[in-house]
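Colleague: Pasting upload05.cif here (mmCIF, C-alpha atoms):
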```cif
data_query
#
loop_
_atom_site.label_atom_id
_atom_site.label_comp_id
_atom_site.auth_asym_id
_atom_site.auth_seq_id
_atom_site.Cartn_x
_atom_site.Cartn_y
_atom_site.Cartn_z
CA MET A 1 38.61 -2.71 19.58
CA LYS A 2 36.96 -3.36 22.94
CA SER A 3 35.65 -6.86 23.49
CA ARG A 4 32.05 -7.33 24.64
CA ILE A 5 31.58 -8.68 28.15
CA PRO A 6 28.53 -10.97 28.50
CA LEU A 7 26.01 -9.87 31.11
CA PRO A 8 25.29 -12.32 33.89
CA GLY A 9 21.87 -13.93 33.55
CA ALA A 10 20.25 -11.96 36.39
CA VAL A 11 21.58 -8.65 35.12
CA LEU A 12 20.34 -9.42 31.62
CA VAL A 13 16.86 -10.19 32.91
CA LEU A 14 16.79 -6.94 34.89
CA ALA A 15 17.91 -5.00 31.82
CA LEU A 16 15.15 -6.52 29.71
CA LEU A 17 12.54 -5.84 32.39
CA SER A 18 13.67 -2.23 32.62
CA PHE A 19 13.30 -1.86 28.85
CA VAL A 20 9.79 -3.32 28.87
CA VAL A 21 8.66 -1.16 31.76
CA ALA A 22 10.08 1.96 30.15
CA GLY A 23 8.25 1.16 26.91
CA CYS A 24 4.95 0.64 28.72
CA THR A 25 5.18 3.88 30.66
CA THR A 26 6.19 6.14 27.79
CA PRO A 27 3.64 8.96 27.52
CA PRO A 28 1.60 9.30 24.30
CA PRO A 29 3.27 11.38 21.58
CA SER A 30 2.40 14.99 20.88
CA ALA A 31 1.30 16.19 17.45
CA GLY A 32 3.82 15.32 14.78
CA SER A 33 5.87 12.91 16.90
CA THR A 34 6.21 9.15 16.55
CA PRO A 35 2.78 7.48 16.12
CA VAL A 36 1.36 5.41 18.95
CA ALA A 37 2.31 1.81 18.16
CA LEU A 38 -0.68 0.40 20.02
CA GLU A 39 -3.37 2.59 18.43
CA SER A 40 -6.50 0.52 17.88
CA SER A 41 -8.09 0.25 14.46
CA ALA A 42 -10.80 2.86 13.96
CA LYS A 43 -12.67 0.50 11.65
CA PRO A 44 -11.18 -2.97 11.13
CA GLY A 45 -11.31 -4.22 7.57
CA VAL A 46 -12.18 -0.85 6.04
CA ASN A 47 -9.55 -1.39 3.32
CA ALA A 48 -10.10 -5.11 2.80
CA GLU A 49 -11.68 -4.62 -0.63
CA TYR A 50 -8.58 -2.88 -1.93
CA LEU A 51 -6.08 -5.37 -0.56
CA LYS A 52 -7.40 -8.44 -2.36
CA PRO A 53 -4.72 -10.16 -4.46
CA ASP A 54 -7.08 -10.40 -7.43
CA LEU A 55 -7.98 -6.69 -7.42
CA ASN A 56 -9.57 -5.60 -10.71
CA VAL A 57 -8.21 -2.10 -11.36
CA THR A 58 -10.49 -1.55 -14.35
CA GLN A 59 -13.51 -2.09 -12.13
CA TRP A 60 -12.32 0.67 -9.79
CA VAL A 61 -11.55 3.02 -12.66
CA GLU A 62 -15.12 2.61 -13.84
CA ARG A 63 -16.36 3.27 -10.31
CA PHE A 64 -14.17 6.27 -9.48
CA GLU A 65 -13.94 7.98 -12.86
CA ARG A 66 -17.53 8.09 -14.05
CA GLU A 67 -20.17 10.66 -14.80
CA GLY A 68 -22.62 11.02 -11.95
CA ARG A 69 -20.05 10.70 -9.18
CA GLU A 70 -19.93 14.11 -7.52
CA ILE A 71 -16.15 14.10 -7.14
CA TYR A 72 -15.70 13.31 -10.82
CA ASP A 73 -18.31 15.76 -12.08
CA HIS A 74 -16.81 18.63 -10.04
CA ARG A 75 -13.15 17.69 -10.36
CA ALA A 76 -12.20 21.06 -11.88
CA ALA A 77 -13.77 22.96 -8.98
CA ILE A 78 -12.05 20.68 -6.48
CA VAL A 79 -8.65 21.20 -8.10
CA ALA A 80 -9.25 24.96 -8.01
CA ALA A 81 -10.18 24.73 -4.31
CA ALA A 82 -6.81 23.11 -3.61
CA GLY A 83 -5.17 26.42 -4.48
CA LEU A 84 -2.04 24.89 -5.96
CA LYS A 85 0.64 27.15 -7.41
CA PRO A 86 3.60 26.48 -9.70
CA GLY A 87 6.56 25.08 -7.83
CA MET A 88 4.57 23.63 -4.93
CA ALA A 89 5.03 20.09 -3.67
CA MET A 90 1.81 18.28 -2.87
CA ALA A 91 0.61 14.81 -1.98
CA ASP A 92 -2.60 13.16 -3.13
CA ILE A 93 -3.22 10.91 -0.15
CA GLY A 94 -5.20 7.90 -1.30
CA ALA A 95 -4.71 8.77 -4.96
CA GLY A 96 -6.67 5.72 -6.07
CA THR A 97 -6.77 5.25 -9.82
CA GLY A 98 -5.22 8.67 -10.40
CA LEU A 99 -8.28 10.76 -11.19
CA PHE A 100 -6.63 13.99 -10.03
CA THR A 101 -3.01 13.21 -10.95
CA PRO A 102 -2.86 14.98 -14.35
CA TYR A 103 -4.64 18.06 -12.98
CA PHE A 104 -2.29 18.37 -10.02
CA SER A 105 0.72 17.79 -12.25
CA LYS A 106 -0.30 20.66 -14.49
CA ALA A 107 -1.14 22.93 -11.55
CA VAL A 108 2.27 22.69 -9.86
CA GLY A 109 4.19 22.79 -13.13
CA PRO A 110 7.56 21.29 -14.08
CA LYS A 111 9.28 22.75 -11.01
CA GLY A 112 6.65 21.33 -8.67
CA LYS A 113 6.13 17.83 -7.33
CA VAL A 114 3.13 15.53 -7.04
CA TYR A 115 3.31 12.53 -4.73
CA ALA A 116 0.59 10.01 -5.57
CA VAL A 117 0.24 8.10 -2.29
CA ASP A 118 -1.80 4.93 -1.88
CA ILE A 119 -1.91 1.63 -0.04
CA VAL A 120 -2.76 -0.32 -3.22
CA PRO A 121 0.22 -1.27 -5.41
CA ALA A 122 -1.99 -1.90 -8.46
CA PHE A 123 -3.39 1.64 -8.30
CA LEU A 124 0.12 3.07 -8.11
CA ASP A 125 1.20 0.96 -11.10
CA ARG A 126 -1.62 2.48 -13.14
CA ILE A 127 -0.70 6.01 -12.08
CA LYS A 128 2.96 5.39 -12.91
CA GLN A 129 2.09 4.03 -16.35
CA ARG A 130 -0.17 6.99 -17.05
CA ALA A 131 2.45 9.47 -15.87
CA GLU A 132 5.02 7.90 -18.16
CA SER A 133 2.69 7.83 -21.18
CA GLU A 134 1.59 11.45 -20.63
CA ARG A 135 5.09 12.60 -19.66
CA LEU A 136 4.05 13.84 -16.25
CA VAL A 137 7.66 14.01 -15.07
CA ASN A 138 6.80 15.70 -11.76
CA VAL A 139 4.71 12.74 -10.53
CA GLN A 140 6.12 10.20 -8.08
CA THR A 141 4.19 7.26 -6.67
CA VAL A 142 4.51 6.35 -2.99
CA LEU A 143 3.31 3.12 -1.38
CA CYS A 144 2.01 4.03 2.06
CA THR A 145 1.01 1.83 4.98
CA GLU A 146 -2.05 1.69 7.19
CA ARG A 147 -0.21 3.81 9.78
CA SER A 148 1.97 6.16 7.74
CA VAL A 149 1.85 8.20 4.54
CA GLU A 150 5.54 7.32 4.06
CA LEU A 151 6.64 10.79 2.98
CA PRO A 152 9.91 12.47 4.01
CA PRO A 153 9.79 15.14 6.73
CA ASN A 154 9.06 18.69 5.51
CA SER A 155 8.56 17.49 1.94
CA ILE A 156 5.14 18.89 0.97
CA ASP A 157 3.17 22.13 1.02
CA LEU A 158 -0.27 20.56 0.69
CA ALA A 159 -1.90 17.23 1.43
CA PHE A 160 -5.07 16.45 -0.54
CA ILE A 161 -7.41 13.88 1.04
CA CYS A 162 -10.51 13.27 -1.06
CA ASP A 163 -13.12 10.72 0.08
CA VAL A 164 -10.23 8.89 1.72
CA TYR A 165 -10.03 10.02 5.33
CA HIS A 166 -12.72 7.55 6.37
CA HIS A 167 -10.32 4.88 5.10
CA PHE A 168 -7.65 5.90 7.62
CA GLU A 169 -7.72 2.78 9.78
CA TYR A 170 -5.26 4.30 12.24
CA PRO A 171 -5.99 8.04 11.94
CA GLN A 172 -3.85 9.19 14.85
CA SER A 173 -0.74 7.49 13.45
CA SER A 174 -1.44 8.52 9.86
CA LEU A 175 -2.07 12.14 10.85
CA ALA A 176 1.15 12.22 12.88
CA SER A 177 3.11 11.08 9.82
CA LEU A 178 1.30 13.66 7.71
CA TYR A 179 2.11 16.40 10.21
CA ARG A 180 5.80 15.55 9.90
CA ALA A 181 5.64 15.50 6.10
CA LEU A 182 4.13 18.98 5.85
CA ARG A 183 6.34 22.04 5.82
CA PRO A 184 5.74 24.91 8.27
CA ASP A 185 2.31 26.40 7.55
CA GLY A 186 1.60 23.45 5.25
CA GLU A 187 -2.06 22.70 4.62
CA VAL A 188 -4.51 19.82 4.31
CA LEU A 189 -7.50 20.00 2.00
CA LEU A 190 -10.10 17.52 3.20
CA VAL A 191 -12.95 16.46 0.93
CA GLU A 192 -15.20 13.98 2.68
CA PHE A 193 -18.71 12.58 2.62
CA LYS A 194 -21.36 14.36 4.64
CA ARG A 195 -22.60 11.83 7.15
CA VAL A 196 -25.87 13.00 8.67
CA PRO A 197 -28.23 10.45 10.27
CA GLY A 198 -31.69 10.76 8.78
CA GLN A 199 -30.34 12.48 5.64
CA SER A 200 -27.38 10.50 4.31
CA SER A 201 -27.80 7.27 2.38
CA ASP A 202 -27.59 3.93 4.16
CA TRP A 203 -24.34 3.25 2.30
CA ILE A 204 -22.69 6.36 3.73
CA LEU A 205 -24.06 5.74 7.21
CA ASN A 206 -22.66 2.19 7.17
CA HIS A 207 -19.41 2.88 5.33
CA VAL A 208 -18.24 6.22 6.75
CA ARG A 209 -17.51 5.79 10.45
CA ALA A 210 -18.20 9.37 11.59
CA GLY A 211 -19.35 12.81 10.55
CA GLN A 212 -17.59 16.11 9.96
CA GLU A 213 -17.49 17.14 13.61
CA VAL A 214 -15.62 13.98 14.67
CA PHE A 215 -13.16 14.06 11.77
CA THR A 216 -12.46 17.75 12.37
CA ALA A 217 -11.78 17.05 16.04
CA GLU A 218 -9.33 14.27 15.15
CA ILE A 219 -7.43 16.47 12.71
CA THR A 220 -7.22 19.46 15.03
CA ALA A 221 -6.06 17.18 17.87
CA ALA A 222 -3.22 16.08 15.59
CA GLY A 223 -1.85 19.62 15.41
CA PHE A 224 -3.88 21.33 12.69
CA ARG A 225 -6.35 24.20 12.78
CA GLN A 226 -9.29 24.77 10.47
CA VAL A 227 -8.91 27.88 8.34
CA GLU A 228 -11.61 27.59 5.69
CA GLU A 229 -14.66 25.68 4.49
CA GLN A 230 -15.87 25.89 0.92
CA ALA A 231 -19.49 25.10 0.02
CA ILE A 232 -18.86 23.84 -3.51
CA LEU A 233 -20.33 20.33 -3.27
CA LYS A 234 -23.63 18.81 -2.24
CA ASP A 235 -22.73 15.38 -0.88
CA ASN A 236 -19.26 16.27 0.37
CA TYR A 237 -17.77 19.00 2.53
CA VAL A 238 -14.51 20.74 1.65
CA VAL A 239 -12.40 21.99 4.55
CA ARG A 240 -8.88 23.42 4.67
CA PHE A 241 -6.62 22.91 7.68
CA ARG A 242 -3.23 24.43 8.38
CA LYS A 243 -0.34 22.94 10.31
CA ALA A 244 -0.17 24.78 13.62
CA ARG A 245 3.16 26.02 14.85
CA LYS A 246 4.28 24.78 18.25
#
```
What's the structure tokens form of this structure?

Modeller:
Amino acid sequence: MKSRIPLPGAVLVLALLSFVVAGCTTPPPSAGSTPVALESSAKPGVNAEYLKPDLNVTQWVERFEREGREIYDHRAAIVAAAGLKPGMAMADIGAGTGLFTPYFSKAVGPKGKVYAVDIVPAFLDRIKQRAESERLVNVQTVLCTERSVELPPNSIDLAFICDVYHHFEYPQSSLASLYRALRPDGEVLLVEFKRVPGQSSDWILNHVRAGQEVFTAEITAAGFRQVEEQAILKDNYVVRFRKARK
């Protein structure tokens, strides 16, 4: 075994300086490559409510899974719009309390896979308990981060993002990780609030950082192309994107 020879102090300093300079001059990544470590927050604190240690899951179940909420009332139409087929692997990004989990599980069948991805451990615990009690054996929970969906490369055919994209605090990094996770020709189904000044509610205007045009531009810049828009909802738009081949 070769012994290590200590670097003289001056040489060590030069080596460290070279490393720092190289890191600072590295060009930004292309679509699907390593996320930019220094990406600024698109909306600081947007997920603060969900990261409280005393989070009341029941309160969020009552908020997300209630009559009168457009996403809940039209959940069957939204699942149909996803276009899932038996044997597919899909990820519910920002799965929340698991509103769509049983529907997705049934749609992909026993040979398929459903990744319930969220940043909130308590939400994932609820989904896991429900999956176990209802024997949804094709469901797997995944704890993501603010910068990554934490899915293996080429692991999914479809990513479902419903009223969640505006919670991407670091969209460029998250989209890069999503690009890697999708298989060739993999797709993203985006369901998001319509944000139109003068028409949308004050809550949407204050809570959702941008409208459809901006979000579409961010997603296409990350290596996706829009292939379809479905007019099935009133307060939300439904758009399908496909992973572009390089």

Colleague: Write out as JSON lines a residue-level contact list of stretch 77-106 of chain A versus stretch 153-174 of chain A with cut-off 9 Å: for each qualifying residue the closest pair of atoms and the distance in Å to one decimal, counting only C-alpha atoms, rows sorted by chain and residue number upward.

Modeller:
```
{"residue": "A:Ala82", "atom": "CA", "partner": "A:Phe160", "partner_atom": "CA", "distance": 7.5}
{"residue": "A:Leu84", "atom": "CA", "partner": "A:Leu158", "partner_atom": "CA", "distance": 8.1}
{"residue": "A:Met88", "atom": "CA", "partner": "A:Asp157", "partner_atom": "CA", "distance": 6.3}
{"residue": "A:Ala89", "atom": "CA", "partner": "A:Ile156", "partner_atom": "CA", "distance": 4.8}
{"residue": "A:Met90", "atom": "CA", "partner": "A:Leu158", "partner_atom": "CA", "distance": 4.7}
{"residue": "A:Ala91", "atom": "CA", "partner": "A:Ala159", "partner_atom": "CA", "distance": 4.9}
{"residue": "A:Asp92", "atom": "CA", "partner": "A:Phe160", "partner_atom": "CA", "distance": 4.9}
{"residue": "A:Ile93", "atom": "CA", "partner": "A:Ile161", "partner_atom": "CA", "distance": 5.3}
{"residue": "A:Gly94", "atom": "CA", "partner": "A:Val164", "partner_atom": "CA", "distance": 5.9}
{"residue": "A:Ala95", "atom": "CA", "partner": "A:Cys162", "partner_atom": "CA", "distance": 8.3}
```

Colleague: Could the residues in this selection be written to a file with C-alpha atoms, as an mmCIF file, in the coordinates of the input?

Modeller:
```cif
data_model
loop_
_atom_site.group_PDB
_atom_site.id
_atom_site.type_symbol
_atom_site.label_atom_id
_atom_site.label_comp_id
_atom_site.auth_asym_id
_atom_site.auth_seq_id
_atom_site.Cartn_x
_atom_site.Cartn_y
_atom_site.Cartn_z
ATOM 1 C CA ALA A 82 -6.810 23.110 -3.610
ATOM 2 C CA LEU A 84 -2.040 24.890 -5.960
ATOM 3 C CA MET A 88 4.570 23.630 -4.930
ATOM 4 C CA ALA A 89 5.030 20.090 -3.670
ATOM 5 C CA MET A 90 1.810 18.280 -2.870
ATOM 6 C CA ALA A 91 0.610 14.810 -1.980
ATOM 7 C CA ASP A 92 -2.600 13.160 -3.130
ATOM 8 C CA ILE A 93 -3.220 10.910 -0.150
ATOM 9 C CA GLY A 94 -5.200 7.900 -1.300
ATOM 10 C CA ALA A 95 -4.710 8.770 -4.960
#
```

Colleague: Taking only C-alpha atoms into account, name the residue in A:Ile119, A:Ala176, A:His207, A:Gly87 that is nearest to A:Glu39.

Modeller: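 Ranking A:Ile119, A:Ala176, A:His207, A:Gly87 by distance to A:Glu39, first place goes to A:Ala176.
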
Colleague: For the structure provided, state which residues fall under the PyMOL selection byres ((chain A and resi 223-237) around 10), and present them as a VMD selection string.

Modeller: chain A and resid 30 to 32 69 to 71 74 77 to 78 81 162 to 163 175 to 176 179 185 to 195 200 212 216 to 222 238 to 246

Colleague: Got time to write the residues from that selection, C-alpha atoms, as a tab-separated table (two decimals), in the frame of the given file?

Modeller:
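again.tsv written:
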```
chain	number	residue	atom	x	y	z
A	30	SER	CA	2.40	14.99	20.88
A	31	ALA	CA	1.30	16.19	17.45
A	32	GLY	CA	3.82	15.32	14.78
A	69	ARG	CA	-20.05	10.70	-9.18
A	70	GLU	CA	-19.93	14.11	-7.52
A	71	ILE	CA	-16.15	14.10	-7.14
A	74	HIS	CA	-16.81	18.63	-10.04
A	77	ALA	CA	-13.77	22.96	-8.98
A	78	ILE	CA	-12.05	20.68	-6.48
A	81	ALA	CA	-10.18	24.73	-4.31
A	162	CYS	CA	-10.51	13.27	-1.06
A	163	ASP	CA	-13.12	10.72	0.08
A	175	LEU	CA	-2.07	12.14	10.85
A	176	ALA	CA	1.15	12.22	12.88
A	179	TYR	CA	2.11	16.40	10.21
A	185	ASP	CA	2.31	26.40	7.55
A	186	GLY	CA	1.60	23.45	5.25
A	187	GLU	CA	-2.06	22.70	4.62
A	188	VAL	CA	-4.51	19.82	4.31
A	189	LEU	CA	-7.50	20.00	2.00
A	190	LEU	CA	-10.10	17.52	3.20
A	191	VAL	CA	-12.95	16.46	0.93
A	192	GLU	CA	-15.20	13.98	2.68
A	193	PHE	CA	-18.71	12.58	2.62
A	194	LYS	CA	-21.36	14.36	4.64
A	195	ARG	CA	-22.60	11.83	7.15
A	200	SER	CA	-27.38	10.50	4.31
A	212	GLN	CA	-17.59	16.11	9.96
A	216	THR	CA	-12.46	17.75	12.37
A	217	ALA	CA	-11.78	17.05	16.04
A	218	GLU	CA	-9.33	14.27	15.15
A	219	ILE	CA	-7.43	16.47	12.71
A	220	THR	CA	-7.22	19.46	15.03
A	221	ALA	CA	-6.06	17.18	17.87
A	222	ALA	CA	-3.22	16.08	15.59
A	238	VAL	CA	-14.51	20.74	1.65
A	239	VAL	CA	-12.40	21.99	4.55
A	240	ARG	CA	-8.88	23.42	4.67
A	241	PHE	CA	-6.62	22.91	7.68
A	242	ARG	CA	-3.23	24.43	8.38
A	243	LYS	CA	-0.34	22.94	10.31
A	244	ALA	CA	-0.17	24.78	13.62
A	245	ARG	CA	3.16	26.02	14.85
A	246	LYS	CA	4.28	24.78	18.25
```

Colleague: Rounded to one decimal in Å, what is the spacing between atom CA of A:Tyr103 and atom CA of A:Val137?

Modeller: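 Computed distance, atom CA of A:Tyr103 to atom CA of A:Val137, equals 13.1 Å.
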
Colleague: Measure the distance from atom CA of A:Pro102 to atom CA of A:Leu182 in Å and round it to one decimal.

Modeller: 21.7 Å

Colleague: Can you translate the PyMOL selection byres ((chain A and resi 108) around 8) into the concrete residues it hits in this file, as a VMD selection string?

Modeller: chain A and resid 84 to 89 104 to 107 109 to 114

Colleague: Quick one, how far is atom CA of A:Leu55 from atom CA of A:Pro121?

Modeller: 10.0 Å

Colleague: Please provide as a PyMOL selection string all residues within 8 Å of A:Leu143, with the sequence filter that same-chain residues fewer than 5 positions apart are discarded (counting all atoms listed in the file).

Modeller: chain A and resi 117-121+124+149-150

Colleague: Quick check on the file I pasted: which residues fall under the PyMOL selection byres ((chain A and resi 126) around 10)? Write them as a PDB file with C-alpha atoms, keeping the file's coordinate frame.

Modeller:
```
ATOM      1  CA  VAL A  57      -8.210  -2.100 -11.360  1.00  0.00           C
ATOM      2  CA  THR A  58     -10.490  -1.550 -14.350  1.00  0.00           C
ATOM      3  CA  VAL A  61     -11.550   3.020 -12.660  1.00  0.00           C
ATOM      4  CA  GLY A  96      -6.670   5.720  -6.070  1.00  0.00           C
ATOM      5  CA  THR A  97      -6.770   5.250  -9.820  1.00  0.00           C
ATOM      6  CA  GLY A  98      -5.220   8.670 -10.400  1.00  0.00           C
ATOM      7  CA  PRO A 121       0.220  -1.270  -5.410  1.00  0.00           C
ATOM      8  CA  ALA A 122      -1.990  -1.900  -8.460  1.00  0.00           C
ATOM      9  CA  PHE A 123      -3.390   1.640  -8.300  1.00  0.00           C
ATOM     10  CA  LEU A 124       0.120   3.070  -8.110  1.00  0.00           C
ATOM     11  CA  ASP A 125       1.200   0.960 -11.100  1.00  0.00           C
ATOM     12  CA  ILE A 127      -0.700   6.010 -12.080  1.00  0.00           C
ATOM     13  CA  LYS A 128       2.960   5.390 -12.910  1.00  0.00           C
ATOM     14  CA  GLN A 129       2.090   4.030 -16.350  1.00  0.00           C
ATOM     15  CA  ARG A 130      -0.170   6.990 -17.050  1.00  0.00           C
ATOM     16  CA  ALA A 131       2.450   9.470 -15.870  1.00  0.00           C
ATOM     17  CA  GLU A 132       5.020   7.900 -18.160  1.00  0.00           C
ATOM     18  CA  THR A 141       4.190   7.260  -6.670  1.00  0.00           C
TER      19      THR A 141
END
```
